[in-house]
>>> print(open('upload27.cif').read())   # mmCIF, C-alpha atoms (C1' of nucleotides)
data_my_file
#
loop_
_atom_site.group_PDB
_atom_site.id
_atom_site.type_symbol
_atom_site.label_atom_id
_atom_site.label_comp_id
_atom_site.auth_asym_id
_atom_site.auth_seq_id
_atom_site.Cartn_x
_atom_site.Cartn_y
_atom_site.Cartn_z
ATOM 1 C CA MET N 1 20.288 17.675 -2.908
ATOM 2 C CA SER N 2 23.120 16.115 -0.988
ATOM 3 C CA GLN N 3 23.000 12.678 0.524
ATOM 4 C CA TYR N 4 23.150 14.215 3.961
ATOM 5 C CA GLU N 5 20.129 16.374 3.319
ATOM 6 C CA LYS N 6 18.293 13.375 1.968
ATOM 7 C CA THR N 7 19.084 11.554 5.171
ATOM 8 C CA CYS N 8 17.695 14.409 7.181
ATOM 9 C CA LEU N 9 14.649 14.606 5.013
ATOM 10 C CA ILE N 10 13.767 10.995 5.350
ATOM 11 C CA ARG N 11 14.493 11.031 9.064
ATOM 12 C CA ALA N 12 12.762 14.178 10.092
ATOM 13 C CA ASP N 13 9.704 14.012 7.901
ATOM 14 C CA ALA N 14 9.594 10.334 7.127
ATOM 15 C CA GLY N 15 6.408 9.726 8.998
ATOM 16 C CA ARG N 16 4.206 12.301 7.416
ATOM 17 C CA ALA N 17 5.577 12.180 3.883
ATOM 18 C CA ILE N 18 5.721 8.433 3.537
ATOM 19 C CA ARG N 19 2.393 7.974 5.231
ATOM 20 C CA ALA N 20 0.875 10.578 2.928
ATOM 21 C CA ILE N 21 2.158 8.993 -0.241
ATOM 22 C CA LEU N 22 1.247 5.492 0.828
ATOM 23 C CA ASP N 23 -2.231 6.544 1.813
ATOM 24 C CA ARG N 24 -2.490 7.971 -1.673
ATOM 25 C CA ILE N 25 -0.979 5.265 -3.854
ATOM 26 C CA GLY N 26 -0.339 2.372 -1.489
ATOM 27 C CA ASP N 27 -3.523 0.550 -2.365
ATOM 28 C CA LYS N 28 -3.853 -2.249 -4.823
ATOM 29 C CA TRP N 29 -4.638 -0.395 -8.032
ATOM 30 C CA THR N 30 -3.970 3.360 -7.973
ATOM 31 C CA LEU N 31 -0.364 3.347 -9.122
ATOM 32 C CA LEU N 32 -1.221 0.812 -11.777
ATOM 33 C CA ILE N 33 -3.936 3.069 -13.135
ATOM 34 C CA VAL N 34 -1.589 6.048 -13.194
ATOM 35 C CA ALA N 35 1.037 3.998 -15.007
ATOM 36 C CA THR N 36 -1.500 2.754 -17.532
ATOM 37 C CA LEU N 37 -2.733 6.267 -18.176
ATOM 38 C CA HIS N 38 0.789 7.503 -18.818
ATOM 39 C CA GLY N 39 0.998 9.431 -22.062
ATOM 40 C CA ARG N 40 -2.501 8.730 -23.324
ATOM 41 C CA ARG N 41 -6.131 9.496 -22.744
ATOM 42 C CA MET N 42 -8.248 6.407 -22.202
ATOM 43 C CA ARG N 43 -11.879 5.421 -21.870
ATOM 44 C CA PHE N 44 -13.257 3.538 -18.918
ATOM 45 C CA THR N 45 -13.585 0.162 -20.602
ATOM 46 C CA GLU N 46 -10.308 0.559 -22.409
ATOM 47 C CA LEU N 47 -8.619 1.202 -19.081
ATOM 48 C CA GLN N 48 -10.259 -1.856 -17.625
ATOM 49 C CA ARG N 49 -8.979 -4.000 -20.464
ATOM 50 C CA HIS N 50 -5.430 -2.765 -19.896
ATOM 51 C CA ILE N 51 -5.487 -3.585 -16.194
ATOM 52 C CA PRO N 52 -6.112 -7.307 -15.874
ATOM 53 C CA GLY N 53 -8.141 -8.298 -12.873
ATOM 54 C CA ILE N 54 -9.513 -4.936 -11.825
ATOM 55 C CA SER N 55 -13.225 -4.812 -11.118
ATOM 56 C CA GLN N 56 -15.552 -2.092 -12.356
ATOM 57 C CA ARG N 57 -16.110 -1.027 -8.798
ATOM 58 C CA MET N 58 -12.451 -0.594 -7.946
ATOM 59 C CA LEU N 59 -11.624 1.159 -11.210
ATOM 60 C CA SER N 60 -14.498 3.537 -10.677
ATOM 61 C CA LEU N 61 -13.630 4.244 -7.052
ATOM 62 C CA ASN N 62 -9.949 4.763 -7.709
ATOM 63 C CA LEU N 63 -10.575 7.054 -10.665
ATOM 64 C CA ARG N 64 -12.813 9.140 -8.443
ATOM 65 C CA HIS N 65 -10.042 9.386 -5.852
ATOM 66 C CA LEU N 66 -7.463 10.322 -8.450
ATOM 67 C CA GLU N 67 -9.807 12.963 -9.809
ATOM 68 C CA ARG N 68 -10.315 14.325 -6.316
ATOM 69 C CA ASP N 69 -6.551 14.547 -5.818
ATOM 70 C CA GLY N 70 -6.200 16.435 -9.070
ATOM 71 C CA LEU N 71 -4.087 13.701 -10.629
ATOM 72 C CA VAL N 72 -6.583 12.711 -13.310
ATOM 73 C CA THR N 73 -9.189 14.568 -15.323
ATOM 74 C CA ARG N 74 -12.515 13.065 -16.273
ATOM 75 C CA THR N 75 -14.152 14.203 -19.489
ATOM 76 C CA ALA N 76 -17.695 13.060 -20.245
ATOM 77 C CA HIS N 77 -18.795 13.561 -23.845
ATOM 78 C CA ALA N 78 -22.499 14.205 -24.398
ATOM 79 C CA GLU N 79 -23.070 11.357 -26.831
ATOM 80 C CA VAL N 80 -25.018 8.166 -27.193
ATOM 81 C CA PRO N 81 -23.571 5.790 -26.284
ATOM 82 C CA PRO N 82 -21.756 7.752 -23.570
ATOM 83 C CA ARG N 83 -18.038 8.273 -23.852
ATOM 84 C CA VAL N 84 -15.887 9.200 -20.887
ATOM 85 C CA GLU N 85 -12.183 9.785 -21.138
ATOM 86 C CA TYR N 86 -9.596 9.896 -18.421
ATOM 87 C CA GLU N 87 -6.250 11.601 -18.645
ATOM 88 C CA LEU N 88 -3.364 12.379 -16.331
ATOM 89 C CA THR N 89 -3.090 15.987 -15.275
ATOM 90 C CA GLU N 90 0.307 17.675 -15.237
ATOM 91 C CA ARG N 91 0.489 16.878 -11.569
ATOM 92 C CA GLY N 92 -0.428 13.286 -12.255
ATOM 93 C CA GLN N 93 2.404 13.014 -14.757
ATOM 94 C CA THR N 94 4.925 14.106 -12.159
ATOM 95 C CA LEU N 95 4.125 10.918 -10.288
ATOM 96 C CA ILE N 96 5.395 8.825 -13.170
ATOM 97 C CA GLY N 97 9.028 9.568 -12.395
ATOM 98 C CA PRO N 98 9.021 8.320 -8.813
ATOM 99 C CA ALA N 99 6.856 5.388 -9.858
ATOM 100 C CA VAL N 100 9.387 4.373 -12.496
ATOM 101 C CA THR N 101 12.193 4.672 -9.960
ATOM 102 C CA LEU N 102 10.341 2.322 -7.697
ATOM 103 C CA ALA N 103 9.454 -0.081 -10.489
ATOM 104 C CA GLU N 104 13.090 -0.202 -11.566
ATOM 105 C CA TRP N 105 14.098 -1.035 -8.026
ATOM 106 C CA ALA N 106 11.570 -3.846 -7.963
ATOM 107 C CA ILE N 107 12.721 -5.257 -11.285
ATOM 108 C CA GLU N 108 16.364 -5.074 -10.304
ATOM 109 C CA HIS N 109 16.018 -6.683 -6.896
ATOM 110 C CA ASN N 110 13.156 -9.099 -7.337
ATOM 111 C CA PRO N 111 15.306 -12.101 -8.230
ATOM 112 C CA ASP N 112 17.551 -11.637 -5.189
ATOM 113 C CA ILE N 113 14.578 -11.096 -2.938
ATOM 114 C CA ALA N 114 12.894 -14.241 -4.189
ATOM 115 C CA GLU N 115 16.087 -16.138 -3.495
ATOM 116 C CA SER N 116 16.317 -14.724 0.026
ATOM 117 C CA GLN N 117 12.742 -15.753 0.668
ATOM 118 C CA GLN N 118 13.384 -19.309 -0.415
ATOM 119 C CA ALA N 119 16.484 -19.519 1.741
ATOM 120 C CA TYR N 120 14.561 -18.104 4.686
ATOM 121 C CA ASP N 121 11.693 -20.512 4.230
ATOM 122 C CA ALA N 122 14.089 -23.417 3.923
ATOM 123 C CA ARG N 123 15.671 -22.511 7.255
ATOM 124 C CA GLN N 124 12.283 -22.432 8.923
ATOM 125 C CA ALA N 125 11.154 -25.762 7.508
ATOM 126 C CA MET Z 1 17.990 5.225 -19.570
ATOM 127 C CA SER Z 2 16.034 7.439 -21.975
ATOM 128 C CA GLN Z 3 12.568 8.747 -21.273
ATOM 129 C CA TYR Z 4 11.236 6.580 -24.070
ATOM 130 C CA GLU Z 5 12.668 3.472 -22.540
ATOM 131 C CA LYS Z 6 11.202 4.448 -19.207
ATOM 132 C CA THR Z 7 7.843 4.772 -20.880
ATOM 133 C CA CYS Z 8 8.174 1.320 -22.338
ATOM 134 C CA LEU Z 9 9.317 -0.061 -19.061
ATOM 135 C CA ILE Z 10 6.401 1.251 -17.131
ATOM 136 C CA ARG Z 11 3.990 0.219 -19.845
ATOM 137 C CA ALA Z 12 5.196 -3.236 -20.581
ATOM 138 C CA ASP Z 13 6.077 -4.409 -17.119
ATOM 139 C CA ALA Z 14 3.991 -2.052 -15.043
ATOM 140 C CA GLY Z 15 1.743 -4.742 -13.748
ATOM 141 C CA ARG Z 16 4.317 -7.115 -12.366
ATOM 142 C CA ALA Z 17 6.864 -4.587 -11.147
ATOM 143 C CA ILE Z 18 4.461 -2.211 -9.481
ATOM 144 C CA ARG Z 19 2.437 -5.008 -8.012
ATOM 145 C CA ALA Z 20 5.609 -6.597 -6.689
ATOM 146 C CA ILE Z 21 6.880 -3.452 -5.033
ATOM 147 C CA LEU Z 22 3.507 -2.546 -3.576
ATOM 148 C CA ASP Z 23 3.024 -6.020 -2.206
ATOM 149 C CA ARG Z 24 6.395 -5.557 -0.562
ATOM 150 C CA ILE Z 25 6.231 -2.011 0.800
ATOM 151 C CA GLY Z 26 2.665 -0.889 0.148
ATOM 152 C CA ASP Z 27 1.439 -1.688 3.626
ATOM 153 C CA LYS Z 28 1.122 0.723 6.483
ATOM 154 C CA TRP Z 29 4.517 0.403 8.158
ATOM 155 C CA THR Z 30 7.226 -1.313 6.095
ATOM 156 C CA LEU Z 31 8.626 1.709 4.298
ATOM 157 C CA LEU Z 32 8.528 3.656 7.543
ATOM 158 C CA ILE Z 33 10.583 0.977 9.269
ATOM 159 C CA VAL Z 34 13.129 0.959 6.471
ATOM 160 C CA ALA Z 35 13.391 4.740 6.613
ATOM 161 C CA THR Z 36 13.815 4.690 10.368
ATOM 162 C CA LEU Z 37 16.503 2.041 10.127
ATOM 163 C CA HIS Z 38 18.429 4.085 7.594
ATOM 164 C CA GLY Z 39 22.047 4.457 8.582
ATOM 165 C CA ARG Z 40 21.859 2.908 12.015
ATOM 166 C CA ARG Z 41 21.350 -0.336 13.842
ATOM 167 C CA MET Z 42 18.446 -0.295 16.258
ATOM 168 C CA ARG Z 43 16.884 -2.443 18.946
ATOM 169 C CA PHE Z 44 13.286 -3.548 18.917
ATOM 170 C CA THR Z 45 12.013 -1.161 21.557
ATOM 171 C CA GLU Z 46 14.099 1.685 20.224
ATOM 172 C CA LEU Z 47 12.568 1.155 16.813
ATOM 173 C CA GLN Z 48 9.129 1.159 18.342
ATOM 174 C CA ARG Z 49 9.806 4.459 20.061
ATOM 175 C CA HIS Z 50 10.896 6.022 16.791
ATOM 176 C CA ILE Z 51 7.762 4.973 14.947
ATOM 177 C CA PRO Z 52 4.817 6.537 16.734
ATOM 178 C CA GLY Z 53 1.693 4.439 16.746
ATOM 179 C CA ILE Z 54 3.095 1.104 15.638
ATOM 180 C CA SER Z 55 2.048 -1.893 17.699
ATOM 181 C CA GLN Z 56 4.404 -4.611 18.870
ATOM 182 C CA ARG Z 57 2.603 -7.048 16.673
ATOM 183 C CA MET Z 58 2.985 -5.049 13.475
ATOM 184 C CA LEU Z 59 6.598 -4.142 14.159
ATOM 185 C CA SER Z 60 7.401 -7.770 14.788
ATOM 186 C CA LEU Z 61 5.562 -9.045 11.737
ATOM 187 C CA ASN Z 62 7.026 -6.463 9.399
ATOM 188 C CA LEU Z 63 10.557 -7.010 10.656
ATOM 189 C CA ARG Z 64 10.108 -10.704 9.974
ATOM 190 C CA HIS Z 65 8.970 -9.959 6.429
ATOM 191 C CA LEU Z 66 11.883 -7.598 5.843
ATOM 192 C CA GLU Z 67 14.263 -10.214 7.148
ATOM 193 C CA ARG Z 68 12.731 -12.785 4.844
ATOM 194 C CA ASP Z 69 13.206 -10.464 1.893
ATOM 195 C CA GLY Z 70 16.844 -9.963 2.820
ATOM 196 C CA LEU Z 71 16.341 -6.258 3.440
ATOM 197 C CA VAL Z 72 17.046 -6.372 7.148
ATOM 198 C CA THR Z 73 19.302 -8.467 9.365
ATOM 199 C CA ARG Z 74 18.289 -9.567 12.826
ATOM 200 C CA THR Z 75 21.035 -10.071 15.391
ATOM 201 C CA ALA Z 76 20.128 -11.610 18.734
ATOM 202 C CA HIS Z 77 22.762 -11.229 21.443
ATOM 203 C CA ALA Z 78 22.951 -13.983 24.021
ATOM 204 C CA GLU Z 79 22.518 -11.768 27.044
ATOM 205 C CA VAL Z 80 20.183 -11.192 29.931
ATOM 206 C CA PRO Z 81 18.094 -9.180 29.377
ATOM 207 C CA PRO Z 82 17.966 -10.124 25.712
ATOM 208 C CA ARG Z 83 19.166 -7.641 23.144
ATOM 209 C CA VAL Z 84 18.161 -7.856 19.502
ATOM 210 C CA GLU Z 85 19.378 -5.461 16.897
ATOM 211 C CA TYR Z 86 18.046 -4.790 13.447
ATOM 212 C CA GLU Z 87 19.981 -3.306 10.594
ATOM 213 C CA LEU Z 88 19.436 -2.639 6.918
ATOM 214 C CA THR Z 89 21.306 -4.932 4.585
ATOM 215 C CA GLU Z 90 23.043 -3.520 1.546
ATOM 216 C CA ARG Z 91 19.995 -4.445 -0.446
ATOM 217 C CA GLY Z 92 17.785 -2.754 2.092
ATOM 218 C CA GLN Z 93 19.775 0.435 1.754
ATOM 219 C CA THR Z 94 19.192 0.545 -1.979
ATOM 220 C CA LEU Z 95 15.523 1.017 -1.212
ATOM 221 C CA ILE Z 96 16.232 4.310 0.533
ATOM 222 C CA GLY Z 97 16.829 6.144 -2.743
ATOM 223 C CA PRO Z 98 13.474 5.343 -4.341
ATOM 224 C CA ALA Z 99 11.773 5.920 -0.999
ATOM 225 C CA VAL Z 100 13.259 9.393 -0.755
ATOM 226 C CA THR Z 101 12.185 10.151 -4.316
ATOM 227 C CA LEU Z 102 8.660 9.238 -3.399
ATOM 228 C CA ALA Z 103 8.737 11.154 -0.137
ATOM 229 C CA GLU Z 104 9.974 14.231 -1.963
ATOM 230 C CA TRP Z 105 7.120 13.939 -4.405
ATOM 231 C CA ALA Z 106 4.679 13.742 -1.530
ATOM 232 C CA ILE Z 107 6.144 16.754 0.247
ATOM 233 C CA GLU Z 108 6.194 18.805 -2.925
ATOM 234 C CA HIS Z 109 2.658 18.051 -4.045
ATOM 235 C CA ASN Z 110 0.759 17.589 -0.825
ATOM 236 C CA PRO Z 111 -0.423 21.195 -0.540
ATOM 237 C CA ASP Z 112 -1.788 21.235 -4.096
ATOM 238 C CA ILE Z 113 -3.445 17.894 -3.616
ATOM 239 C CA ALA Z 114 -5.113 19.024 -0.407
ATOM 240 C CA GLU Z 115 -6.391 22.074 -2.241
ATOM 241 C CA SER Z 116 -7.751 19.955 -5.088
ATOM 242 C CA GLN Z 117 -9.544 17.760 -2.601
ATOM 243 C CA GLN Z 118 -11.219 20.705 -0.939
ATOM 244 C CA ALA Z 119 -12.301 22.120 -4.281
ATOM 245 C CA TYR Z 120 -13.664 18.730 -5.322
ATOM 246 C CA ASP Z 121 -15.555 18.266 -2.090
ATOM 247 C CA ALA Z 122 -16.981 21.770 -2.359
ATOM 248 C CA ARG Z 123 -18.332 20.974 -5.838
ATOM 249 C CA GLN Z 124 -20.007 17.839 -4.552
ATOM 250 C CA ALA Z 125 -21.583 19.549 -1.555
ATOM 251 C "C1'" DC O 1 13.537 -6.934 26.717
ATOM 252 C "C1'" DA O 2 11.622 -9.053 22.751
ATOM 253 C "C1'" DG O 3 8.117 -11.155 21.063
ATOM 254 C "C1'" DG O 4 4.336 -14.933 20.276
ATOM 255 C "C1'" DA O 5 -0.856 -16.073 20.781
ATOM 256 C "C1'" DT O 6 -5.380 -14.738 20.608
ATOM 257 C "C1'" DC O 7 -9.391 -11.989 19.804
ATOM 258 C "C1'" DC O 8 -11.813 -8.630 17.400
ATOM 259 C "C1'" DG O 9 -13.486 -4.673 14.542
ATOM 260 C "C1'" DA O 10 -12.971 -1.953 10.323
ATOM 261 C "C1'" DG O 11 -12.458 -1.547 5.659
ATOM 262 C "C1'" DC O 12 -10.579 -3.100 1.280
ATOM 263 C "C1'" DG O 13 -11.864 -5.301 -2.523
ATOM 264 C "C1'" DG O 14 -14.459 -9.078 -5.355
ATOM 265 C "C1'" DA O 15 -18.975 -10.779 -7.442
ATOM 266 C "C1'" DT O 16 -23.239 -9.819 -8.941
ATOM 267 C "C1'" DA O 17 -27.177 -7.238 -10.289
ATOM 268 C "C1'" DC O 18 -29.136 -3.142 -11.905
ATOM 269 C "C1'" DT O 19 -29.467 1.749 -14.566
ATOM 270 C "C1'" DG O 20 -29.206 6.246 -17.552
ATOM 271 C "C1'" DC B 1 -20.895 2.380 -22.426
ATOM 272 C "C1'" DA B 2 -20.070 3.779 -17.970
ATOM 273 C "C1'" DG B 3 -21.064 3.404 -14.211
ATOM 274 C "C1'" DT B 4 -23.906 2.723 -9.089
ATOM 275 C "C1'" DA B 5 -25.824 -0.362 -5.367
ATOM 276 C "C1'" DT B 6 -25.600 -4.217 -2.524
ATOM 277 C "C1'" DC B 7 -23.736 -8.054 -0.276
ATOM 278 C "C1'" DC B 8 -20.058 -10.385 1.738
ATOM 279 C "C1'" DG B 9 -15.535 -12.647 2.700
ATOM 280 C "C1'" DC B 10 -11.045 -11.839 4.010
ATOM 281 C "C1'" DT B 11 -7.113 -9.596 5.440
ATOM 282 C "C1'" DC B 12 -4.915 -5.823 7.900
ATOM 283 C "C1'" DG B 13 -4.010 -4.111 11.925
ATOM 284 C "C1'" DG B 14 -5.015 -2.718 16.950
ATOM 285 C "C1'" DA B 15 -5.540 -4.286 21.925
ATOM 286 C "C1'" DT B 16 -4.588 -7.354 25.274
ATOM 287 C "C1'" DC B 17 -2.438 -11.093 27.576
ATOM 288 C "C1'" DC B 18 1.275 -14.184 28.200
ATOM 289 C "C1'" DT B 19 6.358 -16.059 28.066
ATOM 290 C "C1'" DG B 20 11.635 -17.119 27.723
#
>>> encode(input="upload27.cif", output="structure tokens")
Amino acid sequence: MSQYEKTCLIRADAGRAIRAILDRIGDKWTLLIVATLHGRRMRFTELQRHIPGISQRMLSLNLRHLERDGLVTRTAHAEVPPRVEYELTERGQTLIGPAVTLAEWAIEHNPDIAESQQAYDARQA
Amino acid sequence: MSQYEKTCLIRADAGRAIRAILDRIGDKWTLLIVATLHGRRMRFTELQRHIPGISQRMLSLNLRHLERDGLVTRTAHAEVPPRVEYELTERGQTLIGPAVTLAEWAIEHNPDIAESQQAYDARQA
DNA sequence: CAGGATCCGAGCGGATACTG
DNA sequence: CAGTATCCGCTCGGATCCTG
């Protein structure tokens, strides 16, 4: 896709598309869960251990949302004690690419942004 | 960068990078403003007209944040009536690429996701 | 025209307690 | 182990009013 077409895309449909994606993954934890789930099946507690700071409630809610969107599958094994495993669907895995792109941007520009913020704050003070 | 390295990247640094980028653009309007500003300088009111539904308050606040991050420049012309123009910085323009990637993902997968949601809701009901 | 100040409601998300 | 239920504070964001 040419740069011009990209421009058109982001202009014409920016509202809907960007709003849609942000409504989906713009919250505090969703993208982090998807990233953590990348490439491996994980149990609830295991997932919680890999995502520092997330509460049971939020993990549970977000997994439900991801399942509803068809981005994650939930597999409950009929055992005692119970074992539930979560895994990215094919569709869920396609989100990894864009997420990485965004993460790379953040990593690359974070230092400069932090510097700009300090300069800005200094001017205000 | 190889796929393996991407995997490592998103694993190892997922928390910080994704959290950083979402804190920056994960809100309701920021990415939309950046997209709207793509390729052209715009005035406050003009910007507001191009982003349906945004309030003066939110546009103002978000522009301030973007300016602080060095993603947008604010140019006030000493005229009556006042004229203020906003423009993406070079750094701001580098965000367009990742944003487009994400928007494309949303456009491509939205229909399937909507379908999954309906199926999920039907199972629950 | 460009925005700051103020008020307010909704909902996101944390802490805690409880259950199959 | 894998959640659900409840409570509650806090922030996001909308509406309105006011100003240089």
>>> residues_around(input="upload27.cif", residues="Met42 (chain Z)", least_positions_apart="4", cutoff="8 Å", atoms="all atoms listed in the file", output="PyMOL selection string")
chain Z and resi 37+46-47+85-87
>>> interface_residues(input="upload27.cif", of="chain N", to="chain B", cutoff="9 Å", atoms="only C-alpha atoms (C1' of nucleotides)", output="MDAnalysis selection string")
chainID N and resid 44:45 56:57 60 80:84
>>> calpha_fit_and_write(input="upload27.cif", fixed="chain N", moving="chain Z", output="mmCIF file with C-alpha atoms, in the frame of the given file")
data_model
loop_
_atom_site.group_PDB
_atom_site.id
_atom_site.type_symbol
_atom_site.label_atom_id
_atom_site.label_comp_id
_atom_site.auth_asym_id
_atom_site.auth_seq_id
_atom_site.Cartn_x
_atom_site.Cartn_y
_atom_site.Cartn_z
ATOM 1 C CA MET Z 1 20.137 17.900 -2.831
ATOM 2 C CA SER Z 2 23.025 16.252 -0.972
ATOM 3 C CA GLN Z 3 22.887 12.762 0.447
ATOM 4 C CA TYR Z 4 23.049 14.223 3.930
ATOM 5 C CA GLU Z 5 20.040 16.375 3.324
ATOM 6 C CA LYS Z 6 18.197 13.393 1.938
ATOM 7 C CA THR Z 7 19.009 11.530 5.108
ATOM 8 C CA CYS Z 8 17.623 14.344 7.184
ATOM 9 C CA LEU Z 9 14.589 14.578 5.017
ATOM 10 C CA ILE Z 10 13.703 10.962 5.324
ATOM 11 C CA ARG Z 11 14.429 10.978 9.028
ATOM 12 C CA ALA Z 12 12.692 14.112 10.073
ATOM 13 C CA ASP Z 13 9.634 13.964 7.890
ATOM 14 C CA ALA Z 14 9.527 10.278 7.106
ATOM 15 C CA GLY Z 15 6.357 9.687 8.995
ATOM 16 C CA ARG Z 16 4.162 12.288 7.387
ATOM 17 C CA ALA Z 17 5.543 12.136 3.861
ATOM 18 C CA ILE Z 18 5.677 8.385 3.532
ATOM 19 C CA ARG Z 19 2.349 7.942 5.207
ATOM 20 C CA ALA Z 20 0.850 10.542 2.899
ATOM 21 C CA ILE Z 21 2.153 8.953 -0.268
ATOM 22 C CA LEU Z 22 1.227 5.444 0.804
ATOM 23 C CA ASP Z 23 -2.253 6.518 1.761
ATOM 24 C CA ARG Z 24 -2.487 7.953 -1.728
ATOM 25 C CA ILE Z 25 -0.939 5.242 -3.900
ATOM 26 C CA GLY Z 26 -0.298 2.351 -1.527
ATOM 27 C CA ASP Z 27 -3.456 0.493 -2.428
ATOM 28 C CA LYS Z 28 -3.764 -2.299 -4.915
ATOM 29 C CA TRP Z 29 -4.569 -0.413 -8.113
ATOM 30 C CA THR Z 30 -3.912 3.343 -8.031
ATOM 31 C CA LEU Z 31 -0.305 3.353 -9.176
ATOM 32 C CA LEU Z 32 -1.170 0.820 -11.852
ATOM 33 C CA ILE Z 33 -3.905 3.086 -13.181
ATOM 34 C CA VAL Z 34 -1.569 6.061 -13.254
ATOM 35 C CA ALA Z 35 1.053 4.025 -15.088
ATOM 36 C CA THR Z 36 -1.488 2.791 -17.598
ATOM 37 C CA LEU Z 37 -2.745 6.306 -18.201
ATOM 38 C CA HIS Z 38 0.763 7.553 -18.862
ATOM 39 C CA GLY Z 39 0.957 9.488 -22.091
ATOM 40 C CA ARG Z 40 -2.527 8.811 -23.366
ATOM 41 C CA ARG Z 41 -6.162 9.545 -22.760
ATOM 42 C CA MET Z 42 -8.279 6.463 -22.223
ATOM 43 C CA ARG Z 43 -11.906 5.467 -21.861
ATOM 44 C CA PHE Z 44 -13.274 3.567 -18.914
ATOM 45 C CA THR Z 45 -13.610 0.203 -20.605
ATOM 46 C CA GLU Z 46 -10.330 0.606 -22.425
ATOM 47 C CA LEU Z 47 -8.622 1.247 -19.118
ATOM 48 C CA GLN Z 48 -10.247 -1.824 -17.670
ATOM 49 C CA ARG Z 49 -8.977 -3.947 -20.530
ATOM 50 C CA HIS Z 50 -5.444 -2.709 -19.977
ATOM 51 C CA ILE Z 51 -5.448 -3.557 -16.289
ATOM 52 C CA PRO Z 52 -6.063 -7.277 -15.981
ATOM 53 C CA GLY Z 53 -8.081 -8.292 -12.972
ATOM 54 C CA ILE Z 54 -9.445 -4.933 -11.889
ATOM 55 C CA SER Z 55 -13.156 -4.818 -11.155
ATOM 56 C CA GLN Z 56 -15.487 -2.085 -12.343
ATOM 57 C CA ARG Z 57 -16.007 -1.051 -8.784
ATOM 58 C CA MET Z 58 -12.333 -0.592 -7.969
ATOM 59 C CA LEU Z 59 -11.553 1.159 -11.235
ATOM 60 C CA SER Z 60 -14.417 3.539 -10.656
ATOM 61 C CA LEU Z 61 -13.535 4.238 -7.043
ATOM 62 C CA ASN Z 62 -9.857 4.770 -7.726
ATOM 63 C CA LEU Z 63 -10.513 7.056 -10.674
ATOM 64 C CA ARG Z 64 -12.735 9.134 -8.425
ATOM 65 C CA HIS Z 65 -9.966 9.379 -5.839
ATOM 66 C CA LEU Z 66 -7.404 10.333 -8.470
ATOM 67 C CA GLU Z 67 -9.750 12.968 -9.797
ATOM 68 C CA ARG Z 68 -10.246 14.314 -6.303
ATOM 69 C CA ASP Z 69 -6.499 14.551 -5.833
ATOM 70 C CA GLY Z 70 -6.169 16.451 -9.093
ATOM 71 C CA LEU Z 71 -4.057 13.719 -10.656
ATOM 72 C CA VAL Z 72 -6.563 12.739 -13.304
ATOM 73 C CA THR Z 73 -9.188 14.609 -15.306
ATOM 74 C CA ARG Z 74 -12.512 13.081 -16.218
ATOM 75 C CA THR Z 75 -14.167 14.243 -19.425
ATOM 76 C CA ALA Z 76 -17.703 13.090 -20.157
ATOM 77 C CA HIS Z 77 -18.849 13.606 -23.740
ATOM 78 C CA ALA Z 78 -22.536 14.241 -24.265
ATOM 79 C CA GLU Z 79 -23.115 11.410 -26.690
ATOM 80 C CA VAL Z 80 -25.082 8.228 -27.047
ATOM 81 C CA PRO Z 81 -23.629 5.832 -26.117
ATOM 82 C CA PRO Z 82 -21.803 7.807 -23.451
ATOM 83 C CA ARG Z 83 -18.082 8.305 -23.775
ATOM 84 C CA VAL Z 84 -15.904 9.233 -20.823
ATOM 85 C CA GLU Z 85 -12.217 9.809 -21.099
ATOM 86 C CA TYR Z 86 -9.598 9.920 -18.405
ATOM 87 C CA GLU Z 87 -6.265 11.627 -18.649
ATOM 88 C CA LEU Z 88 -3.362 12.391 -16.359
ATOM 89 C CA THR Z 89 -3.069 15.995 -15.300
ATOM 90 C CA GLU Z 90 0.308 17.681 -15.266
ATOM 91 C CA ARG Z 91 0.507 16.884 -11.600
ATOM 92 C CA GLY Z 92 -0.409 13.298 -12.298
ATOM 93 C CA GLN Z 93 2.414 13.023 -14.788
ATOM 94 C CA THR Z 94 4.956 14.102 -12.206
ATOM 95 C CA LEU Z 95 4.146 10.919 -10.339
ATOM 96 C CA ILE Z 96 5.399 8.811 -13.235
ATOM 97 C CA GLY Z 97 9.045 9.548 -12.452
ATOM 98 C CA PRO Z 98 9.011 8.300 -8.862
ATOM 99 C CA ALA Z 99 6.840 5.376 -9.926
ATOM 100 C CA VAL Z 100 9.380 4.339 -12.535
ATOM 101 C CA THR Z 101 12.179 4.629 -9.988
ATOM 102 C CA LEU Z 102 10.311 2.277 -7.734
ATOM 103 C CA ALA Z 103 9.441 -0.122 -10.528
ATOM 104 C CA GLU Z 104 13.080 -0.246 -11.566
ATOM 105 C CA TRP Z 105 14.069 -1.080 -8.028
ATOM 106 C CA ALA Z 106 11.547 -3.890 -7.984
ATOM 107 C CA ILE Z 107 12.705 -5.316 -11.301
ATOM 108 C CA GLU Z 108 16.342 -5.133 -10.295
ATOM 109 C CA HIS Z 109 15.982 -6.736 -6.885
ATOM 110 C CA ASN Z 110 13.126 -9.155 -7.309
ATOM 111 C CA PRO Z 111 15.284 -12.171 -8.165
ATOM 112 C CA ASP Z 112 17.523 -11.678 -5.123
ATOM 113 C CA ILE Z 113 14.550 -11.140 -2.884
ATOM 114 C CA ALA Z 114 12.867 -14.301 -4.121
ATOM 115 C CA GLU Z 115 16.070 -16.184 -3.416
ATOM 116 C CA SER Z 116 16.295 -14.749 0.097
ATOM 117 C CA GLN Z 117 12.733 -15.798 0.756
ATOM 118 C CA GLN Z 118 13.395 -19.357 -0.307
ATOM 119 C CA ALA Z 119 16.508 -19.540 1.842
ATOM 120 C CA TYR Z 120 14.594 -18.132 4.806
ATOM 121 C CA ASP Z 121 11.730 -20.550 4.370
ATOM 122 C CA ALA Z 122 14.155 -23.449 4.055
ATOM 123 C CA ARG Z 123 15.752 -22.501 7.389
ATOM 124 C CA GLN Z 124 12.369 -22.428 9.074
ATOM 125 C CA ALA Z 125 11.257 -25.768 7.659
#
